Amino acid sequence: MKPFDYIRAETPADAMRADARIIAGGTNLLDLMKLQVETPSTLVDVTRLGMTEIERAENSTRIGALVTNSDLAADPTIRQRYPMLSRALLAGASGQLRNKATTGGNLLQRTRCPYFTDISQPCNKREPGSGCRAQGGYTRLHAILGASEHCIATHPSDMAVAMRALDARVEIESNDGATRILTFDEFYNLPGDTPEKETNLAPGELIVAVHLPDPPAGRQTYRKVRDRSSYAFALVSMAAAVAVEQGRIASAAMAFGGVAHRPWRSPDAEAALVGREPSAELFDEAADILLADARGQGGNDFKIPLTRRVVKAVLTELTGA
Amino acid sequence: MTQQLKMDEVQPRLLDETGQGVLTTPLDRPEGPLKVTGTAPYAAEPSLPGMAIGVLVGATITRGRAHVDAGSLRDMPGVLGVYTAGMARNPAQGTANAAPVQPEGFVQYHGQPVAVVVAETFEQARDAAIAIRVTYDPEPGAEVDPETASHVDGDPETFGSFDKAFSEAPVRIDATYTTKGHSSAAMEPHAALAAWKDGRLMLRASLQMLKYNRNEIADAVGVDPDKVRVLAPYVGGGFGSKLGIAQEAIAAALAARELGRPVRVVMTRQQVFEMTLRRTETRQRMRLATDRDGHIVALGHEDRVSNLPDEVFSEPVTMATHFLYAGANRRYHHEIARINRPGAGSVRAPGEAVGMLALECAMDELAEAAGLDPIELRLRNIPDEHPETGQTYSARSLAACLKRGAERFGWSARRAPGERREGEWFIGMGVATAARTNSLGESQSRVTLNPDGTALVETDMTDIGTGTYAILGQIAAEMLGLPRDKVTVALGDTDFPPAAGSGGSWGASSSGSSVFLGAKAVRNALAEKLGCPPDELRLQDGIATGGNKRSAIADLLDAPISEVGHIKPGETAETHSSASYGAHFCEVAVNAVTGEVRVRRALGVMAAGRILNEKTAASQVHGGIIWGIGAALTEALEHEPRDGRVVNRDLAEYHVPVNLDVPDVEVEFIEERDDHANPIQSKGIGELGISGAGAAVTNAIYNACGVRVRDYPALPDRIFPHLP
């Protein structure tokens, strides 16, 4: 760990410093600082700033950025209206970690790519231009969708996958007094040739809340496949909400974890489902569209057929087909 | 005085005659409250005046010479020194009794320590250990894949006419299994605190075998063993990785001497994975054949393991195969690939832990090929005498364990593969034999009976979380007729009489026998004081009776009686094949969509001679079965395919089983005495639970869904592509 200055923010403005890294639960940042994957010169602690409310508004629910994963999962509104989110949260990490980890911090957690977390290895995300050593190496955890020649890392969050399926948006305040609200696809980047730029959060900005629109119609679930039954990152995970009316799919939202640099969504696959009668053939068709551009790296090739199996099982469960 | 016994012949079962009743009973560990309240001092916890902190620096190449630029830390705050001379390549192997390789800057695996950076604080040392400039002259010839290694040692070994018998047999299977490497991953990382005074070294460390460790550290730093005292009163798990002295202890001792201050070195969690001895990966080809009645006629077990060049240890994969089942025609071929991965060494049940994953799965396949129930196949092939040496077996309750387990587990409800389904889950049952060789190691203990009616046991034996404090106190209390809480047990100090140490499942029986002998000598002295023949003496609750006399033990003594018990292995180890045996039963659910496996029930029925404490013994079996579940389903050291380093070097990515992976595990012991094992008729239990356990899981997977997993661990992607 590099020596660093520590500042405790008393007001949000204190936290919006371009020269500091924000720390909340610290469940990911501190580990990475010990390995010197992260080497901030200044940490600003935002945990005294409140932002721990879950508020119901007219057409949405607003989750404060410092609501812990445990509190969010247990919240009655979330459990009743957004059960996939509760399930996703409880599928992540461990009880101790969820007690510390926050909503904003969870969105910003870094990839678990073992080449990123080992500073003896080149990594374009950690040191732009140094190369991607993961390719040709150990790739069990890596992406099958949306990767680039510069980076094949995956985003490790479960929470964010459910939020992506729920069309959540991220509320961000800036030190110039502006507030902006980004969709997840606006917030998260694909790796492209700048894998170090994981989000569009700018220096001096602070995530203050996540907004969930009213829940989608129909049934929801979150399913996670992993190498041990708890405290393991997803091989493949899927958050979905599907409504069936008069024997046909009226709406469908599907987001995937463990497969890409950000929570993954395929509007074309969802569109292919709408207006159709649920069936195994239809679910295969949706999976075909979802996985049309999927590419394995060797060690993660299995994720492609596994994703298909999960899609079919989840859609079968939600539609009763 | 010393009461010495060489185990040349069967000894009377004195512990069945004593009357205190504290042996076998499931007593709590006396040191338990210290451990759960954080007040048992582990190696890294005590501080010494003037103590400095060292952090190891690992190499970032696979093979070549490292040049450490100490000057690069000139401006780093708090740095006191950088030491490179004498750094160990890898930990000493168990019972090595000499220093491990100290290659003076020559790197043979990625992560090998090349220096220790010492600073005033841990934070300063850790930062400096990352900042230090190390340059390398890489050398060609680095090889990290055991399958393509250029240098492979090992020769075949054959009994009878294997090829002929196998090819002519009516029933045969030929299957190849692979297992991944494992890390001991003890909760307490490797840690040491070294201090020198007047040319003498005091080393407080986390170690399993102090008698050997003292010689190893003395050799490593170039002093006489009598100038070294090693202390390890509490050890937070070892599992083999702390059998021999490791790099952090050698670094601490060398740095402390150079610096003239006490130095503490603790491995980071990542370094525990990168630097300590791993369990090798294996490839194992099993060829088994029976006659028409299900009697094995040919048995082949050929394996490939790996280790660094020159390491004498190699995983004895076929350990159990040699003695477990009958069959006149046998073939082995043990190959050791010399590669540049971290060193391989003993990890819980070396040999059986991986060998039985293959052997017991192959027996399941053979049973199916022979059209026999897998329990029946095993019962038919329990040999009358050791099939290779002709030795007689000592107590062996394998058949009883299999039969009792089948009854308790409800084995008769097992159905054909794929026939039992609950919703999305296939349900199945599996069985496997447990077996672990038993041995006796030379051990000494001093037993002192005080006039106040208390007793003290002293030995350099360790308690690595196994229950040594509990059982040695119980043996002494039973022999001396004292309540358990009147006996104090002091362990883990080389100033005490030397013991075999904790390893190879021999610790309880070996050190327990020495305590038994020491206490027996004390009894003889008491009999003399009471005035009765020793075999008439009865001791209970502090009262001695015998020869129509009766006295409080305290009244017989005006000074402490102190005796050293000394056990040595003898003839019985040659004439008899001694092992602990058992049977594993397991029920799993396999997800029909994802191939994820959940163990729903597990039962181990075990026989290991006299059980010294039913609670700590059962805990050992629980732990072993849990690791067996890990070996079957989750645990795998992943090596980078190009440079061999350990990729999953923390507990988030190296998947030991978590609570949700482990059901209620039931353990039952079959009553047994092993008269040929030692004078207390007990056998090893620490490694029995893991031996075979994982195969019961994969056999249950096959019974559930018809997918035969031969590549461990059975991760989802090794199952779902083959599901119906």
# chains A, B, ... in the order shown; residues from 1 in each chain; ligands from 1
>>> select_by_dssp(residues="segment 28-58 of chain A", states="strand (DSSP E)", output="list of chain:residue names")
A:Thr42, A:Leu43, A:Val44, A:Asp45, A:Ile54, A:Glu55, A:Arg56
>>> residues_around(residues="Ala636 of chain B", least_positions_apart="4", cutoff="12 Å", atoms="only C-alpha atoms", output="number ranges by chain")
A: 227-228; B: 178-185, 273, 278-282, 627, 630-632, 646-651, 653-657, 711-715
>>> write_last_selection(atoms="N, CA, C and O atoms", output="CSV table (one decimal), in the first residue's frame")
chain,number,residue,atom,x,y,z
A,227,ASP,N,-19.0,-21.4,-9.5
A,227,ASP,CA,-18.2,-22.6,-9.2
A,227,ASP,C,-18.3,-23.1,-7.8
A,227,ASP,O,-17.8,-24.2,-7.5
A,228,ARG,N,-18.8,-22.3,-6.9
A,228,ARG,CA,-19.2,-22.9,-5.6
A,228,ARG,C,-20.5,-22.2,-5.2
A,228,ARG,O,-20.8,-21.2,-5.8
B,178,THR,N,-7.8,-37.1,-13.9
B,178,THR,CA,-6.9,-36.0,-13.6
B,178,THR,C,-7.4,-35.3,-12.4
B,178,THR,O,-8.6,-35.2,-12.1
B,179,THR,N,-6.4,-34.8,-11.6
B,179,THR,CA,-6.7,-33.9,-10.5
B,179,THR,C,-5.9,-32.7,-10.5
B,179,THR,O,-4.8,-32.7,-11.0
B,180,LYS,N,-6.5,-31.6,-10.1
B,180,LYS,CA,-5.7,-30.3,-10.1
B,180,LYS,C,-4.9,-30.2,-8.8
B,180,LYS,O,-5.2,-30.9,-7.8
B,181,GLY,N,-4.0,-29.3,-8.8
B,181,GLY,CA,-3.2,-29.1,-7.5
B,181,GLY,C,-4.1,-28.4,-6.5
B,181,GLY,O,-5.1,-27.9,-6.7
B,182,HIS,N,-3.6,-28.5,-5.2
B,182,HIS,CA,-4.3,-27.9,-4.1
B,182,HIS,C,-3.3,-27.1,-3.3
B,182,HIS,O,-2.1,-27.4,-3.2
B,183,SER,N,-3.9,-26.2,-2.6
B,183,SER,CA,-3.1,-25.4,-1.6
B,183,SER,C,-3.6,-25.7,-0.2
B,183,SER,O,-4.8,-25.8,0.0
B,184,SER,N,-2.7,-25.8,0.8
B,184,SER,CA,-3.2,-26.1,2.1
B,184,SER,C,-4.0,-24.9,2.6
B,184,SER,O,-5.0,-25.1,3.4
B,185,ALA,N,-3.7,-23.7,2.3
B,185,ALA,CA,-4.5,-22.5,2.5
B,185,ALA,C,-4.9,-22.5,4.0
B,185,ALA,O,-6.1,-22.2,4.3
B,273,PHE,N,0.0,-18.9,-1.3
B,273,PHE,CA,-0.4,-19.6,-2.5
B,273,PHE,C,0.9,-19.7,-3.4
B,273,PHE,O,1.1,-20.8,-4.0
B,278,ARG,N,2.7,-26.9,-2.7
B,278,ARG,CA,1.4,-27.3,-3.1
B,278,ARG,C,1.2,-28.8,-3.2
B,278,ARG,O,2.2,-29.5,-3.2
B,279,ARG,N,0.0,-29.2,-3.3
B,279,ARG,CA,-0.3,-30.6,-3.7
B,279,ARG,C,-0.2,-30.6,-5.2
B,279,ARG,O,-0.8,-29.8,-5.8
B,280,THR,N,0.6,-31.6,-5.7
B,280,THR,CA,0.7,-31.6,-7.2
B,280,THR,C,-0.6,-31.9,-7.9
B,280,THR,O,-1.5,-32.6,-7.3
B,281,GLU,N,-0.7,-31.5,-9.1
B,281,GLU,CA,-1.7,-32.0,-10.0
B,281,GLU,C,-1.3,-33.5,-10.3
B,281,GLU,O,-0.1,-33.8,-10.2
B,282,THR,N,-2.3,-34.3,-10.8
B,282,THR,CA,-1.9,-35.6,-11.2
B,282,THR,C,-2.7,-36.0,-12.4
B,282,THR,O,-3.8,-35.5,-12.7
B,627,TRP,N,-12.9,-31.3,3.0
B,627,TRP,CA,-11.9,-31.1,2.0
B,627,TRP,C,-12.1,-32.1,0.8
B,627,TRP,O,-11.9,-31.7,-0.4
B,630,GLY,N,-14.4,-30.4,-1.3
B,630,GLY,CA,-13.7,-29.4,-2.1
B,630,GLY,C,-12.9,-30.0,-3.2
B,630,GLY,O,-13.0,-29.5,-4.4
B,631,ALA,N,-12.2,-31.1,-3.0
B,631,ALA,CA,-11.4,-31.7,-4.0
B,631,ALA,C,-12.3,-32.2,-5.2
B,631,ALA,O,-12.0,-32.2,-6.3
B,632,ALA,N,-13.5,-32.7,-4.8
B,632,ALA,CA,-14.4,-33.2,-5.8
B,632,ALA,C,-15.1,-32.1,-6.6
B,632,ALA,O,-15.3,-32.3,-7.8
B,646,VAL,N,0.8,-19.2,-9.8
B,646,VAL,CA,-0.5,-19.5,-9.4
B,646,VAL,C,-1.4,-18.3,-9.7
B,646,VAL,O,-1.1,-17.2,-9.3
B,647,VAL,N,-2.4,-18.5,-10.5
B,647,VAL,CA,-3.3,-17.4,-10.9
B,647,VAL,C,-4.3,-17.1,-9.8
B,647,VAL,O,-4.6,-15.9,-9.6
B,648,ASN,N,-4.9,-18.1,-9.2
B,648,ASN,CA,-6.0,-17.9,-8.2
B,648,ASN,C,-5.4,-17.9,-6.8
B,648,ASN,O,-5.5,-18.9,-6.1
B,649,ARG,N,-4.7,-16.8,-6.4
B,649,ARG,CA,-3.9,-16.8,-5.3
B,649,ARG,C,-4.5,-16.1,-4.1
B,649,ARG,O,-3.8,-15.5,-3.3
B,650,ASP,N,-5.8,-16.2,-4.0
B,650,ASP,CA,-6.5,-15.7,-2.7
B,650,ASP,C,-7.7,-16.5,-2.5
B,650,ASP,O,-8.1,-17.4,-3.3
B,651,LEU,N,-8.4,-16.3,-1.3
B,651,LEU,CA,-9.5,-17.2,-1.0
B,651,LEU,C,-10.8,-16.8,-1.6
B,651,LEU,O,-11.8,-17.5,-1.5
B,653,GLU,N,-10.7,-16.6,-5.0
B,653,GLU,CA,-10.6,-17.3,-6.3
B,653,GLU,C,-10.2,-18.7,-6.1
B,653,GLU,O,-10.4,-19.6,-7.0
B,654,TYR,N,-9.5,-19.1,-5.0
B,654,TYR,CA,-9.2,-20.5,-4.7
B,654,TYR,C,-10.3,-21.0,-3.9
B,654,TYR,O,-10.5,-20.5,-2.7
B,655,HIS,N,-11.1,-21.9,-4.4
B,655,HIS,CA,-12.4,-22.1,-3.9
B,655,HIS,C,-12.4,-23.3,-2.9
B,655,HIS,O,-12.7,-24.4,-3.2
B,656,VAL,N,-12.1,-23.0,-1.6
B,656,VAL,CA,-12.4,-24.0,-0.6
B,656,VAL,C,-13.9,-24.0,-0.4
B,656,VAL,O,-14.6,-23.0,-0.7
B,657,PRO,N,-14.5,-25.1,0.0
B,657,PRO,CA,-15.9,-25.2,0.2
B,657,PRO,C,-16.4,-24.1,1.2
B,657,PRO,O,-15.7,-23.9,2.2
B,711,ASP,N,-12.3,-35.8,-14.6
B,711,ASP,CA,-11.3,-34.7,-14.4
B,711,ASP,C,-11.8,-33.9,-13.2
B,711,ASP,O,-12.9,-33.2,-13.3
B,712,TYR,N,-11.1,-34.0,-12.1
B,712,TYR,CA,-11.5,-33.2,-10.9
B,712,TYR,C,-11.0,-31.8,-11.0
B,712,TYR,O,-9.9,-31.6,-11.5
B,713,PRO,N,-11.7,-30.8,-10.4
B,713,PRO,CA,-13.0,-30.9,-9.7
B,713,PRO,C,-14.1,-30.9,-10.7
B,713,PRO,O,-13.9,-30.5,-11.8
B,714,ALA,N,-15.3,-31.4,-10.3
B,714,ALA,CA,-16.4,-31.5,-11.1
B,714,ALA,C,-17.1,-30.2,-11.2
B,714,ALA,O,-18.2,-30.0,-10.7
B,715,LEU,N,-16.5,-29.2,-11.9
B,715,LEU,CA,-17.1,-27.9,-12.1
B,715,LEU,C,-18.3,-28.0,-13.1
B,715,LEU,O,-18.4,-29.0,-13.8
>>> select_by_dssp(residues="segment 520-690 of chain B", states="alpha helix (DSSP H)", output="PyMOL selection string")
chain B and resi 520-530+553-556+572-575+614-633
>>> write_last_selection(atoms="C-alpha atoms", output="PDB file, in the first residue's frame")
ATOM      1  CA  LYS B 520       2.961 -45.803  33.187  1.00  0.00           C
ATOM      2  CA  ALA B 521       6.357 -45.164  34.758  1.00  0.00           C
ATOM      3  CA  VAL B 522       4.724 -42.757  37.187  1.00  0.00           C
ATOM      4  CA  ARG B 523       2.171 -45.457  38.031  1.00  0.00           C
ATOM      5  CA  ASN B 524       4.974 -47.933  38.712  1.00  0.00           C
ATOM      6  CA  ALA B 525       6.555 -45.455  41.103  1.00  0.00           C
ATOM      7  CA  LEU B 526       3.191 -44.948  42.806  1.00  0.00           C
ATOM      8  CA  ALA B 527       2.699 -48.717  43.137  1.00  0.00           C
ATOM      9  CA  GLU B 528       6.042 -48.992  44.822  1.00  0.00           C
ATOM     10  CA  LYS B 529       5.140 -46.178  47.228  1.00  0.00           C
ATOM     11  CA  LEU B 530       1.791 -47.766  47.957  1.00  0.00           C
ATOM     12  CA  ILE B 553      -2.270 -40.024  45.573  1.00  0.00           C
ATOM     13  CA  ALA B 554      -1.189 -36.726  47.112  1.00  0.00           C
ATOM     14  CA  ASP B 555      -0.418 -38.456  50.415  1.00  0.00           C
ATOM     15  CA  LEU B 556       2.016 -40.840  48.692  1.00  0.00           C
ATOM     16  CA  THR B 572       5.217 -54.761  14.280  1.00  0.00           C
ATOM     17  CA  ALA B 573       5.665 -52.104  11.611  1.00  0.00           C
ATOM     18  CA  GLU B 574       7.484 -54.685   9.499  1.00  0.00           C
ATOM     19  CA  THR B 575       5.300 -57.700  10.099  1.00  0.00           C
ATOM     20  CA  GLU B 614     -14.780 -38.845  20.046  1.00  0.00           C
ATOM     21  CA  LYS B 615     -15.311 -35.129  19.560  1.00  0.00           C
ATOM     22  CA  THR B 616     -11.887 -34.141  18.252  1.00  0.00           C
ATOM     23  CA  ALA B 617     -11.691 -37.345  16.228  1.00  0.00           C
ATOM     24  CA  ALA B 618     -15.043 -36.612  14.623  1.00  0.00           C
ATOM     25  CA  SER B 619     -13.880 -33.059  13.915  1.00  0.00           C
ATOM     26  CA  GLN B 620     -10.921 -34.467  12.044  1.00  0.00           C
ATOM     27  CA  VAL B 621     -13.191 -36.643   9.936  1.00  0.00           C
ATOM     28  CA  HIS B 622     -15.578 -33.736   9.328  1.00  0.00           C
ATOM     29  CA  GLY B 623     -12.711 -31.584   8.123  1.00  0.00           C
ATOM     30  CA  GLY B 624     -11.409 -34.345   5.907  1.00  0.00           C
ATOM     31  CA  ILE B 625     -14.777 -34.987   4.309  1.00  0.00           C
ATOM     32  CA  ILE B 626     -15.246 -31.265   3.736  1.00  0.00           C
ATOM     33  CA  TRP B 627     -11.907 -31.103   1.956  1.00  0.00           C
ATOM     34  CA  GLY B 628     -12.974 -34.186   0.020  1.00  0.00           C
ATOM     35  CA  ILE B 629     -16.034 -32.253  -1.114  1.00  0.00           C
ATOM     36  CA  GLY B 630     -13.705 -29.415  -2.074  1.00  0.00           C
ATOM     37  CA  ALA B 631     -11.438 -31.736  -4.045  1.00  0.00           C
ATOM     38  CA  ALA B 632     -14.441 -33.216  -5.793  1.00  0.00           C
ATOM     39  CA  LEU B 633     -16.275 -29.997  -6.603  1.00  0.00           C
TER      40      LEU B 633
END
>>> interface_residues(of="chain A", to="chain B", cutoff="8 Å", atoms="only C-alpha atoms", output="list in words")
Met1, Lys2, Pro114, Ser120, Gly137, Tyr138, Val225, Arg226, Asp227, Arg228, Ser229, Ser230, Tyr231, Ala232, Phe302, Leu306, Arg309, Val310 and Ala313 of chain A
>>> write_last_selection(atoms="all heavy atoms", output="short mmCIF file (atom, residue, chain, number, x, y, z; two decimals), in the first residue's frame")
data_model
loop_
_atom_site.label_atom_id
_atom_site.label_comp_id
_atom_site.auth_asym_id
_atom_site.auth_seq_id
_atom_site.Cartn_x
_atom_site.Cartn_y
_atom_site.Cartn_z
N MET A 1 0.85 -1.18 0.00
CA MET A 1 0.00 0.00 0.00
C MET A 1 0.88 1.23 0.00
O MET A 1 1.82 1.33 0.79
CB MET A 1 -0.89 -0.03 1.25
CG MET A 1 -2.05 0.92 1.20
SD MET A 1 -3.12 0.74 2.67
CE MET A 1 -4.24 -0.57 2.19
N LYS A 2 0.62 2.15 -0.92
CA LYS A 2 1.37 3.41 -0.94
C LYS A 2 0.83 4.32 0.16
O LYS A 2 -0.38 4.35 0.40
CB LYS A 2 1.15 4.11 -2.28
CG LYS A 2 1.85 3.44 -3.43
CD LYS A 2 3.01 4.30 -3.87
CE LYS A 2 3.62 3.76 -5.15
NZ LYS A 2 5.06 3.59 -5.00
N PRO A 114 -7.38 -11.92 -13.15
CA PRO A 114 -6.15 -12.12 -12.35
C PRO A 114 -4.93 -11.44 -12.96
O PRO A 114 -3.91 -11.33 -12.29
CB PRO A 114 -5.99 -13.64 -12.31
CG PRO A 114 -6.74 -14.15 -13.48
CD PRO A 114 -7.87 -13.19 -13.72
N SER A 120 2.68 -7.73 -11.54
CA SER A 120 3.82 -8.23 -12.31
C SER A 120 3.41 -8.50 -13.76
O SER A 120 4.26 -8.82 -14.59
CB SER A 120 4.37 -9.52 -11.69
OG SER A 120 3.53 -10.63 -11.96
N GLY A 137 -4.06 -16.88 -21.92
CA GLY A 137 -3.75 -17.34 -20.57
C GLY A 137 -4.93 -18.03 -19.92
O GLY A 137 -5.67 -18.77 -20.57
N TYR A 138 -5.09 -17.75 -18.65
CA TYR A 138 -6.18 -18.36 -17.87
C TYR A 138 -7.43 -17.50 -18.05
O TYR A 138 -7.47 -16.36 -17.61
CB TYR A 138 -5.78 -18.43 -16.40
CG TYR A 138 -6.88 -18.91 -15.49
CD1 TYR A 138 -7.26 -20.25 -15.49
CD2 TYR A 138 -7.55 -18.02 -14.65
CE1 TYR A 138 -8.28 -20.69 -14.67
CE2 TYR A 138 -8.57 -18.46 -13.82
CZ TYR A 138 -8.92 -19.79 -13.84
OH TYR A 138 -9.94 -20.23 -13.03
N VAL A 225 -24.98 -18.78 -12.01
CA VAL A 225 -24.25 -20.04 -12.07
C VAL A 225 -22.81 -19.75 -11.65
O VAL A 225 -22.19 -18.82 -12.16
CB VAL A 225 -24.25 -20.64 -13.49
CG1 VAL A 225 -23.61 -22.03 -13.47
CG2 VAL A 225 -25.66 -20.69 -14.04
N ARG A 226 -22.30 -20.56 -10.73
CA ARG A 226 -20.96 -20.28 -10.21
C ARG A 226 -20.27 -21.56 -9.80
O ARG A 226 -20.88 -22.61 -9.70
CB ARG A 226 -21.04 -19.31 -9.04
CG ARG A 226 -22.08 -19.71 -8.02
CD ARG A 226 -22.29 -18.64 -6.97
NE ARG A 226 -23.69 -18.57 -6.58
CZ ARG A 226 -24.15 -17.80 -5.61
NH1 ARG A 226 -23.34 -17.04 -4.94
NH2 ARG A 226 -25.42 -17.78 -5.32
N ASP A 227 -18.98 -21.43 -9.51
CA ASP A 227 -18.15 -22.61 -9.24
C ASP A 227 -18.28 -23.13 -7.82
O ASP A 227 -17.84 -24.24 -7.53
CB ASP A 227 -16.69 -22.31 -9.54
CG ASP A 227 -16.38 -22.40 -11.04
OD1 ASP A 227 -17.12 -23.10 -11.74
OD2 ASP A 227 -15.41 -21.78 -11.49
N ARG A 228 -18.78 -22.34 -6.90
CA ARG A 228 -19.17 -22.90 -5.60
C ARG A 228 -20.46 -22.19 -5.21
O ARG A 228 -20.80 -21.16 -5.78
CB ARG A 228 -18.08 -22.78 -4.54
CG ARG A 228 -17.76 -21.39 -4.10
CD ARG A 228 -16.67 -21.37 -2.99
NE ARG A 228 -16.13 -20.02 -2.88
CZ ARG A 228 -15.05 -19.71 -2.17
NH1 ARG A 228 -14.40 -20.63 -1.49
NH2 ARG A 228 -14.61 -18.47 -2.13
N SER A 229 -21.13 -22.71 -4.19
CA SER A 229 -22.52 -22.29 -4.03
C SER A 229 -22.67 -20.93 -3.39
O SER A 229 -23.76 -20.37 -3.38
CB SER A 229 -23.31 -23.36 -3.27
OG SER A 229 -22.60 -23.78 -2.15
N SER A 230 -21.61 -20.36 -2.84
CA SER A 230 -21.66 -19.01 -2.30
C SER A 230 -20.27 -18.42 -2.39
O SER A 230 -19.28 -19.15 -2.49
CB SER A 230 -22.15 -19.05 -0.84
OG SER A 230 -22.17 -17.74 -0.30
N TYR A 231 -20.19 -17.10 -2.32
CA TYR A 231 -18.90 -16.42 -2.35
C TYR A 231 -18.07 -16.84 -3.56
O TYR A 231 -16.93 -17.28 -3.44
CB TYR A 231 -18.14 -16.65 -1.03
CG TYR A 231 -16.96 -15.73 -0.85
CD1 TYR A 231 -17.04 -14.38 -1.19
CD2 TYR A 231 -15.74 -16.20 -0.37
CE1 TYR A 231 -15.95 -13.55 -1.05
CE2 TYR A 231 -14.64 -15.37 -0.22
CZ TYR A 231 -14.75 -14.05 -0.58
OH TYR A 231 -13.66 -13.23 -0.44
N ALA A 232 -18.68 -16.71 -4.73
CA ALA A 232 -17.95 -16.93 -5.98
C ALA A 232 -18.58 -16.03 -7.03
O ALA A 232 -19.80 -15.80 -7.02
CB ALA A 232 -18.03 -18.39 -6.42
N PHE A 302 -17.12 -22.52 -22.64
CA PHE A 302 -18.33 -23.15 -22.10
C PHE A 302 -19.42 -22.14 -21.75
O PHE A 302 -20.59 -22.50 -21.63
CB PHE A 302 -17.98 -23.97 -20.85
CG PHE A 302 -17.60 -23.12 -19.67
CD1 PHE A 302 -18.57 -22.70 -18.76
CD2 PHE A 302 -16.29 -22.71 -19.46
CE1 PHE A 302 -18.24 -21.90 -17.67
CE2 PHE A 302 -15.94 -21.91 -18.38
CZ PHE A 302 -16.92 -21.50 -17.48
N LEU A 306 -23.54 -22.47 -21.94
CA LEU A 306 -24.13 -22.33 -20.61
C LEU A 306 -25.12 -21.16 -20.59
O LEU A 306 -26.20 -21.27 -20.00
CB LEU A 306 -23.03 -22.14 -19.56
CG LEU A 306 -23.49 -22.02 -18.11
CD1 LEU A 306 -24.28 -23.26 -17.67
CD2 LEU A 306 -22.29 -21.82 -17.17
N ARG A 309 -28.33 -22.27 -22.08
CA ARG A 309 -29.12 -23.12 -21.17
C ARG A 309 -29.80 -22.28 -20.10
O ARG A 309 -30.95 -22.54 -19.74
CB ARG A 309 -28.21 -24.17 -20.50
CG ARG A 309 -27.64 -25.19 -21.48
CD ARG A 309 -26.65 -26.13 -20.79
NE ARG A 309 -27.34 -27.17 -20.02
CZ ARG A 309 -27.59 -28.40 -20.47
NH1 ARG A 309 -27.20 -28.74 -21.70
NH2 ARG A 309 -28.21 -29.28 -19.73
N VAL A 310 -29.08 -21.26 -19.61
CA VAL A 310 -29.67 -20.41 -18.57
C VAL A 310 -30.83 -19.59 -19.16
O VAL A 310 -31.88 -19.46 -18.54
CB VAL A 310 -28.58 -19.51 -17.94
CG1 VAL A 310 -29.21 -18.44 -17.06
CG2 VAL A 310 -27.59 -20.34 -17.15
N ALA A 313 -33.81 -21.86 -19.46
CA ALA A 313 -34.39 -22.26 -18.17
C ALA A 313 -35.12 -21.09 -17.52
O ALA A 313 -36.21 -21.24 -16.96
CB ALA A 313 -33.29 -22.79 -17.25
#
>>> residues_around(residues="Pro451 of chain B", least_positions_apart="6", cutoff="7 Å", atoms="only C-alpha atoms", output="JSON, numbers by chain")
{"B": [554, 557, 558, 559, 560]}
>>> write_last_selection(atoms="N, CA and C atoms", output="PDB file, in the first residue's frame")
ATOM      1  N   ALA B 554      -1.981 -37.830  46.561  1.00  0.00           N
ATOM      2  CA  ALA B 554      -1.189 -36.726  47.112  1.00  0.00           C
ATOM      3  C   ALA B 554      -0.443 -37.158  48.372  1.00  0.00           C
ATOM      4  N   LEU B 557       3.074 -38.792  47.964  1.00  0.00           N
ATOM      5  CA  LEU B 557       4.174 -38.013  47.388  1.00  0.00           C
ATOM      6  C   LEU B 557       4.653 -36.932  48.337  1.00  0.00           C
ATOM      7  N   ASP B 558       5.991 -36.842  48.474  1.00  0.00           N
ATOM      8  CA  ASP B 558       6.524 -35.652  49.130  1.00  0.00           C
ATOM      9  C   ASP B 558       7.279 -34.787  48.123  1.00  0.00           C
ATOM     10  N   ALA B 559       7.443 -35.309  46.919  1.00  0.00           N
ATOM     11  CA  ALA B 559       8.071 -34.528  45.852  1.00  0.00           C
ATOM     12  C   ALA B 559       7.440 -34.987  44.536  1.00  0.00           C
ATOM     13  N   PRO B 560       7.538 -34.169  43.511  1.00  0.00           N
ATOM     14  CA  PRO B 560       6.975 -34.598  42.227  1.00  0.00           C
ATOM     15  C   PRO B 560       7.659 -35.854  41.706  1.00  0.00           C
TER      16      PRO B 560
END
>>> residues_around(residues="Asp71 of chain A", least_positions_apart="2", cutoff="12 Å", atoms="only C-alpha atoms", output="list in words")
Thr52, Glu53, Ile54, Ile63, Gly64, Ala65, Leu66, Val67, Thr68, Asn69, Ala73, Ala74, Asp75, Pro76, Thr77, Ile78, Arg79, Leu85, Ser86, Leu89, Leu90, Gly95, Arg98, Asn99, Lys100, Ala101, Thr102 and Thr103 of chain A
>>> residues_around(residues="Asp301 of chain A", least_positions_apart="6", cutoff="12 Å", atoms="only C-alpha atoms", output="list in words")
Tyr138, Thr139, Arg140, Leu141, His142, Ala143, Ile144, Leu145, Leu235, Val236, Val259, Leu291, Ala294, Arg295 and Thr307 of chain A; Asp717 and Pro721 of chain B
